[in-house]
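Undergrad: Quick one: the structure is below, questions incoming.
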Amino acid sequence: MSLEKYENKFKVVTFGCRLNHYESDVMQKNAELDNQENIIVINTCAVTNEAERQCKQEIRKLKKLNPQSKIYATGCAVQLNPDEFIKMDEVDSVIGNEYKTKRNIFSYLEDKNYLVTDIMKTVSTNKIMVVNNGHKARTNLEIQQGCDHRCTFCIIPFARGNNRSTPIGELVNCTRELVQSGFKEVTLTGVDICSYGSDLPGKPRLGQMLKRLLKLIPELPRLRLSSLDPAEVDDELIDLIKNEERLLPYFHLSVQSGDNIILKRMKRRHSREDAIEVARKIKSARPESVIGSDIITGFPTETEINFQNTMKLIDDAHLTKLHVFPFSPKAGTPASKMPQVNPHLVKERARKVRQKGNDNFKNIMNSQLGKNVKVLVEKENKGYTENYLPVKIISSAKEGELLNVTISRKTDKFLIAS
């Protein structure tokens, strides 16, 4: 996290997930509409104890660099442990997840305000906003909040509350406005997007909502999905993947482990066989698809055999673009009370998974040489293919352009196209 002086400005410093980044964009827009300045908001993450420690460290550093600025702390770590933040000398106020994206919220704050309520009692989402995140090409759109599941390693449901979905009509209106503003690609995000609709009248599934969204907005060129739960990828969604080219062929599966015993102890709702079958269906529907995944190494009680099953799953399910998390016990979760794996072994297993992921990524990149691909140009002539591979374009290109290009060579990080 780069540290800067922000005095006389309004600045949101963001930790954590794509949803947090979307909410930070909303807070930034609200502050601009209300002419707020001399405020720094730290949008915290609570996925691990280390994440929370880093947030507190950032607060101290930012206050030292910006002594005249007010410091407001919000986000998941604050929602879970508001007292830990309000007692910090550097923090002026704490804001719960329910309030942080509300309009005018910063106008009403006074010293040591404590705007944190029981998120588990919240039954609706905040009205979503169309925000410009500094890009002209692609942006995020929140479709739901919260999670109804209780994985033993995860504290996030208690920071975000239960599943709450945004009505389809509101999503259609916001997506149409984004397209009219010039965005060519929208990524639908949330805490658990596969639970979308379970709380709405008629209980529309994610696939149903996507079909309606794409049908009503034919002018939307590209639609992406954030992380998917393998237990919830149904035939309707697979059919949409097969038949709707605008639903882009990169899919990130929340697999976590490739061993059935560990998956049960994690309280996941899928088996290794389920994950492999979902990946097979996706590749069968769209052979060009790239499939990413979250992987946790060193979950409590994980043996070498358990770990090798995860390594094998990466190959069996053709997983690449891996997000690897060495297990770190999070206070308040059942997994924190289970027999822990030696920390050095946890890190070594994470290294091995990352290496396998890097090898798979190199293979995918090599397979693109000579191919004609479509790239959405972002800043500095960089962009992504439809299956989310990074590209640098040698020839002149404008941000927001959709270009057909040919991949001529590659570096360790980018495909090179002209």
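Ligands are numbered from 1 in the order shown, chains are lettered A, B, ... in the order of the structure tokens, and residues start at 1 in each chain.
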Restrict the calculation to only C-alpha atoms, then for each residue of range 145-238 of chain A with any atom at most 6 Å from an atom of range 252-275 of chain A give the closest atom pair and their distance in Å to one decimal, rows by chain and rising residue number, as JSON lines.
TA:
{"residue": "A:Cys151", "atom": "CA", "partner": "A:Lys267", "partner_atom": "CA", "distance": 5.0}
{"residue": "A:Thr152", "atom": "CA", "partner": "A:Met266", "partner_atom": "CA", "distance": 5.1}
{"residue": "A:Ser227", "atom": "CA", "partner": "A:His252", "partner_atom": "CA", "distance": 4.9}
{"residue": "A:Leu228", "atom": "CA", "partner": "A:Leu253", "partner_atom": "CA", "distance": 4.9}
{"residue": "A:Asp229", "atom": "CA", "partner": "A:Ser254", "partner_atom": "CA", "distance": 5.3}
{"residue": "A:Pro230", "atom": "CA", "partner": "A:Ala275", "partner_atom": "CA", "distance": 5.8}
{"residue": "A:Ala231", "atom": "CA", "partner": "A:His270", "partner_atom": "CA", "distance": 5.1}
Undergrad: Would you list the contacts of Val233 in chain A as a PyMOL selection string, taking every protein, DNA or RNA residue within 10 Å and counting only C-alpha atoms, but skipping same-chain residues closer than 6 positions in sequence?
TA: chain A and resi 194+206-207+253+274-275+278-279+281-282
Undergrad: Which residues are near Lys9 in chain A? Cut-off 8 Å, only C-alpha atoms, ignore same chain within fewer than 6 positions. Put them as a list in words.
TA: Gln36, Glu37, Asn38, Ile39 and Ile40 of chain A
Undergrad: With a distance cut-off of 12 Å and only C-alpha atoms, select the neighbouring residues of Ile295 in chain A, excluding the residue or stretch itself and same-chain residues fewer than 3 positions from it, and output the selection as a PyMOL selection string.
TA: chain A and resi 252-259+262-263+292+298-299+307+310-311+313-314+319-327+349-354+356-357
Undergrad: For the selection just defined, write its residues with N, CA and C atoms to a file, as a tab-separated table (two decimals), in the first residue's frame.
TA:
chain	number	residue	atom	x	y	z
A	252	HIS	N	-13.95	-17.85	-12.05
A	252	HIS	CA	-13.15	-18.06	-10.84
A	252	HIS	C	-13.96	-18.87	-9.85
A	253	LEU	N	-13.49	-20.07	-9.55
A	253	LEU	CA	-14.21	-20.98	-8.66
A	253	LEU	C	-13.63	-20.93	-7.25
A	254	SER	N	-14.51	-20.85	-6.28
A	254	SER	CA	-14.08	-20.87	-4.88
A	254	SER	C	-13.93	-22.33	-4.43
A	255	VAL	N	-12.82	-22.94	-4.83
A	255	VAL	CA	-12.60	-24.38	-4.59
A	255	VAL	C	-12.04	-24.62	-3.19
A	256	GLN	N	-11.01	-23.89	-2.80
A	256	GLN	CA	-10.38	-23.90	-1.48
A	256	GLN	C	-9.50	-25.12	-1.20
A	257	SER	N	-9.97	-26.33	-1.51
A	257	SER	CA	-9.17	-27.54	-1.28
A	257	SER	C	-9.58	-28.60	-2.28
A	258	GLY	N	-8.66	-29.54	-2.54
A	258	GLY	CA	-8.97	-30.64	-3.42
A	258	GLY	C	-9.12	-31.96	-2.69
A	259	ASP	N	-9.29	-31.90	-1.38
A	259	ASP	CA	-9.42	-33.11	-0.57
A	259	ASP	C	-10.78	-33.13	0.11
A	262	ILE	N	-10.85	-32.51	4.00
A	262	ILE	CA	-10.62	-31.11	4.35
A	262	ILE	C	-11.83	-30.26	3.96
A	263	LEU	N	-12.44	-30.53	2.80
A	263	LEU	CA	-13.62	-29.77	2.39
A	263	LEU	C	-14.75	-29.92	3.41
A	292	GLY	N	-9.98	-19.91	-12.96
A	292	GLY	CA	-9.16	-19.57	-11.81
A	292	GLY	C	-9.75	-20.15	-10.54
A	298	GLY	N	-2.61	-25.67	4.09
A	298	GLY	CA	-2.35	-25.81	5.52
A	298	GLY	C	-3.56	-25.63	6.40
A	299	PHE	N	-4.76	-25.92	5.86
A	299	PHE	CA	-5.94	-25.88	6.72
A	299	PHE	C	-5.73	-26.86	7.87
A	307	PHE	N	-2.93	-32.61	1.07
A	307	PHE	CA	-2.33	-31.57	0.25
A	307	PHE	C	-2.09	-32.05	-1.18
A	310	THR	N	-5.05	-31.80	-3.30
A	310	THR	CA	-5.26	-30.45	-3.82
A	310	THR	C	-4.38	-30.20	-5.04
A	311	MET	N	-3.12	-30.58	-4.95
A	311	MET	CA	-2.20	-30.42	-6.09
A	311	MET	C	-2.73	-31.15	-7.32
A	313	LEU	N	-5.90	-31.92	-7.91
A	313	LEU	CA	-7.12	-31.27	-8.38
A	313	LEU	C	-6.81	-30.11	-9.32
A	314	ILE	N	-5.75	-29.37	-9.04
A	314	ILE	CA	-5.38	-28.25	-9.91
A	314	ILE	C	-5.18	-28.73	-11.34
A	319	LEU	N	-7.01	-25.83	-13.47
A	319	LEU	CA	-7.08	-24.54	-12.80
A	319	LEU	C	-5.82	-23.72	-13.04
A	320	THR	N	-6.02	-22.43	-13.26
A	320	THR	CA	-4.90	-21.50	-13.39
A	320	THR	C	-5.32	-20.19	-12.73
A	321	LYS	N	-4.45	-19.17	-12.79
A	321	LYS	CA	-4.72	-17.89	-12.11
A	321	LYS	C	-5.19	-18.17	-10.68
A	322	LEU	N	-4.33	-18.82	-9.91
A	322	LEU	CA	-4.68	-19.24	-8.56
A	322	LEU	C	-4.46	-18.11	-7.55
A	323	HIS	N	-5.45	-17.92	-6.68
A	323	HIS	CA	-5.30	-17.05	-5.52
A	323	HIS	C	-5.01	-17.97	-4.33
A	324	VAL	N	-3.79	-17.93	-3.83
A	324	VAL	CA	-3.34	-18.90	-2.82
A	324	VAL	C	-3.26	-18.23	-1.46
A	325	PHE	N	-3.88	-18.85	-0.47
A	325	PHE	CA	-3.93	-18.31	0.88
A	325	PHE	C	-3.32	-19.31	1.86
A	326	PRO	N	-2.14	-19.04	2.41
A	326	PRO	CA	-1.64	-19.89	3.50
A	326	PRO	C	-2.59	-19.73	4.68
A	327	PHE	N	-3.07	-20.84	5.23
A	327	PHE	CA	-4.08	-20.73	6.28
A	327	PHE	C	-3.54	-19.93	7.46
A	349	ARG	N	3.76	-25.27	1.50
A	349	ARG	CA	2.70	-25.78	0.64
A	349	ARG	C	2.13	-24.66	-0.23
A	350	ALA	N	1.99	-23.47	0.34
A	350	ALA	CA	1.51	-22.33	-0.46
A	350	ALA	C	2.48	-22.04	-1.60
A	351	ARG	N	3.78	-22.12	-1.31
A	351	ARG	CA	4.78	-21.88	-2.35
A	351	ARG	C	4.63	-22.88	-3.50
A	352	LYS	N	4.39	-24.14	-3.15
A	352	LYS	CA	4.26	-25.18	-4.17
A	352	LYS	C	3.01	-24.97	-5.03
A	353	VAL	N	1.92	-24.56	-4.39
A	353	VAL	CA	0.69	-24.31	-5.15
A	353	VAL	C	0.88	-23.11	-6.07
A	354	ARG	N	1.51	-22.06	-5.55
A	354	ARG	CA	1.77	-20.88	-6.39
A	354	ARG	C	2.63	-21.25	-7.59
A	356	LYS	N	2.86	-24.17	-9.07
A	356	LYS	CA	2.03	-24.91	-10.03
A	356	LYS	C	1.10	-23.96	-10.77
A	357	GLY	N	0.53	-23.01	-10.06
A	357	GLY	CA	-0.32	-22.03	-10.72
A	357	GLY	C	0.45	-21.20	-11.73
Undergrad: Within range 77-274 of chain A, find each residue whose DSSP state, derived from the backbone, is strand (DSSP E or B), and express the selection as a PDB file with C-alpha atoms, in the first residue's frame.
TA:
ATOM      1  CA  SER A  93     -14.905   7.793  13.872  1.00  0.00           C
ATOM      2  CA  VAL A  94     -15.859   4.237  12.950  1.00  0.00           C
ATOM      3  CA  ILE A  95     -18.546   3.393  10.383  1.00  0.00           C
ATOM      4  CA  TYR A 114     -19.656   5.111  16.542  1.00  0.00           C
ATOM      5  CA  LEU A 115     -21.924   4.190  13.638  1.00  0.00           C
ATOM      6  CA  ARG A 138     -14.556  -1.570 -17.270  1.00  0.00           C
ATOM      7  CA  THR A 139     -16.112  -1.273 -13.841  1.00  0.00           C
ATOM      8  CA  ASN A 140     -17.769  -3.278 -11.055  1.00  0.00           C
ATOM      9  CA  LEU A 141     -21.419  -3.535 -10.067  1.00  0.00           C
ATOM     10  CA  GLU A 142     -22.651  -4.956  -6.765  1.00  0.00           C
ATOM     11  CA  GLN A 144     -25.789  -8.774  -3.606  1.00  0.00           C
ATOM     12  CA  GLN A 145     -24.453  -8.511  -0.077  1.00  0.00           C
ATOM     13  CA  ARG A 164     -29.400  -9.687   0.424  1.00  0.00           C
ATOM     14  CA  SER A 165     -29.943  -9.306  -3.310  1.00  0.00           C
ATOM     15  CA  GLU A 185     -17.290  -4.248 -19.576  1.00  0.00           C
ATOM     16  CA  VAL A 186     -19.087  -4.759 -16.263  1.00  0.00           C
ATOM     17  CA  THR A 187     -18.069  -7.251 -13.575  1.00  0.00           C
ATOM     18  CA  LEU A 188     -20.873  -8.374 -11.268  1.00  0.00           C
ATOM     19  CA  THR A 189     -19.621  -8.636  -7.723  1.00  0.00           C
ATOM     20  CA  ARG A 222     -18.884  -7.657 -22.156  1.00  0.00           C
ATOM     21  CA  LEU A 223     -20.093  -9.082 -18.845  1.00  0.00           C
ATOM     22  CA  ARG A 224     -17.903 -10.812 -16.262  1.00  0.00           C
ATOM     23  CA  LEU A 225     -18.644 -12.679 -13.057  1.00  0.00           C
ATOM     24  CA  LEU A 228     -18.466 -18.658  -8.137  1.00  0.00           C
ATOM     25  CA  LEU A 247     -20.611 -13.579 -20.845  1.00  0.00           C
ATOM     26  CA  TYR A 250     -13.069 -16.497 -17.422  1.00  0.00           C
ATOM     27  CA  PHE A 251     -14.562 -18.151 -14.350  1.00  0.00           C
ATOM     28  CA  HIS A 252     -13.150 -18.055 -10.844  1.00  0.00           C
ATOM     29  CA  LEU A 253     -14.214 -20.976  -8.663  1.00  0.00           C
ATOM     30  CA  SER A 254     -14.076 -20.870  -4.878  1.00  0.00           C
ATOM     31  CA  VAL A 255     -12.596 -24.375  -4.585  1.00  0.00           C
ATOM     32  CA  GLN A 256     -10.376 -23.900  -1.477  1.00  0.00           C
TER      33      GLN A 256
END
Undergrad: Rank nothing, just name the residue among A:Pro167, A:Gly161, A:Gly96, A:Pro82 nearest to Arg205 in chain A, using only C-alpha atoms.
TA: A:Pro167
Undergrad: Identify, on the basis of only C-alpha atoms, every residue whose closest approach to Phe85 in chain A does not exceed 10 Å; exclude the query and any residue fewer than 3 positions from it along the same chain; express the result as JSON, numbers by chain.
TA: {"A": [55, 56, 59, 72, 73, 74, 77, 78, 79, 81, 82, 88, 89, 90, 91, 92, 93, 94]}
Undergrad: Hey, which of A:Glu386, A:Glu244, A:Asp148, A:Glu98 ends up closest to Ile193 in chain A? Count only C-alpha atoms.
TA: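 Counting only C-alpha atoms, the residue closest to Ile193 in chain A is A:Asp148.
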Undergrad: Determine the nearest neighbour of Thr411 in chain A from the options A:Leu240, A:Leu369, A:Leu65, A:Leu210, counting only C-alpha atoms.
TA: A:Leu369
Undergrad: So that I can see what lies close to range 300-303 of chain A, please list as a list in words the residues with an atom at most 7 Å from it, counting only C-alpha atoms and leaving out residues fewer than 2 positions away in the same chain.
TA: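 Once the adjacent positions are removed, what remains is Ile262, Gly298, Ile305, Asn306, Phe307, Ala335, Met338, Pro339, Gln340 and Val341 of chain A.
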Undergrad: Restricting the calculation to only C-alpha atoms: of A:Val405, A:Val191, A:Met209, A:Ala397, which residue gets closest to Lys371 in chain A?
TA: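 Among A:Val405, A:Val191, A:Met209, A:Ala397, it is A:Val405 that comes nearest to Lys371 in chain A.
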Undergrad: I'd like to know which residues of range 37-257 of chain A are helix (DSSP H, G or I) (by DSSP, run on the backbone); could you write them as a PyMOL selection string?
TA: chain A and resi 49-65+76-80+82-86+105-107+119-121+157-160+168-180+193-195+206-216+230-232+235-243
Undergrad: Interatomic distance between CA of Lys121 in chain A and CA of Arg53 in chain A?
TA: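 Distance between the two atoms: 27.4 Å.
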Undergrad: Find, counting only C-alpha atoms, the residue in A:Asn387, A:Gln68, A:Ser408, A:Asn358 that gets nearest to Lys5 in chain A.
TA: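 Smallest distance to Lys5 in chain A is found for A:Gln68.
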Undergrad: Between CA of Glu177 in chain A and CA of Val373 in chain A, measure the distance and give it in Å to one decimal.
TA: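 Going from CA of Glu177 in chain A over to CA of Val373 in chain A, I get 27.4 Å.
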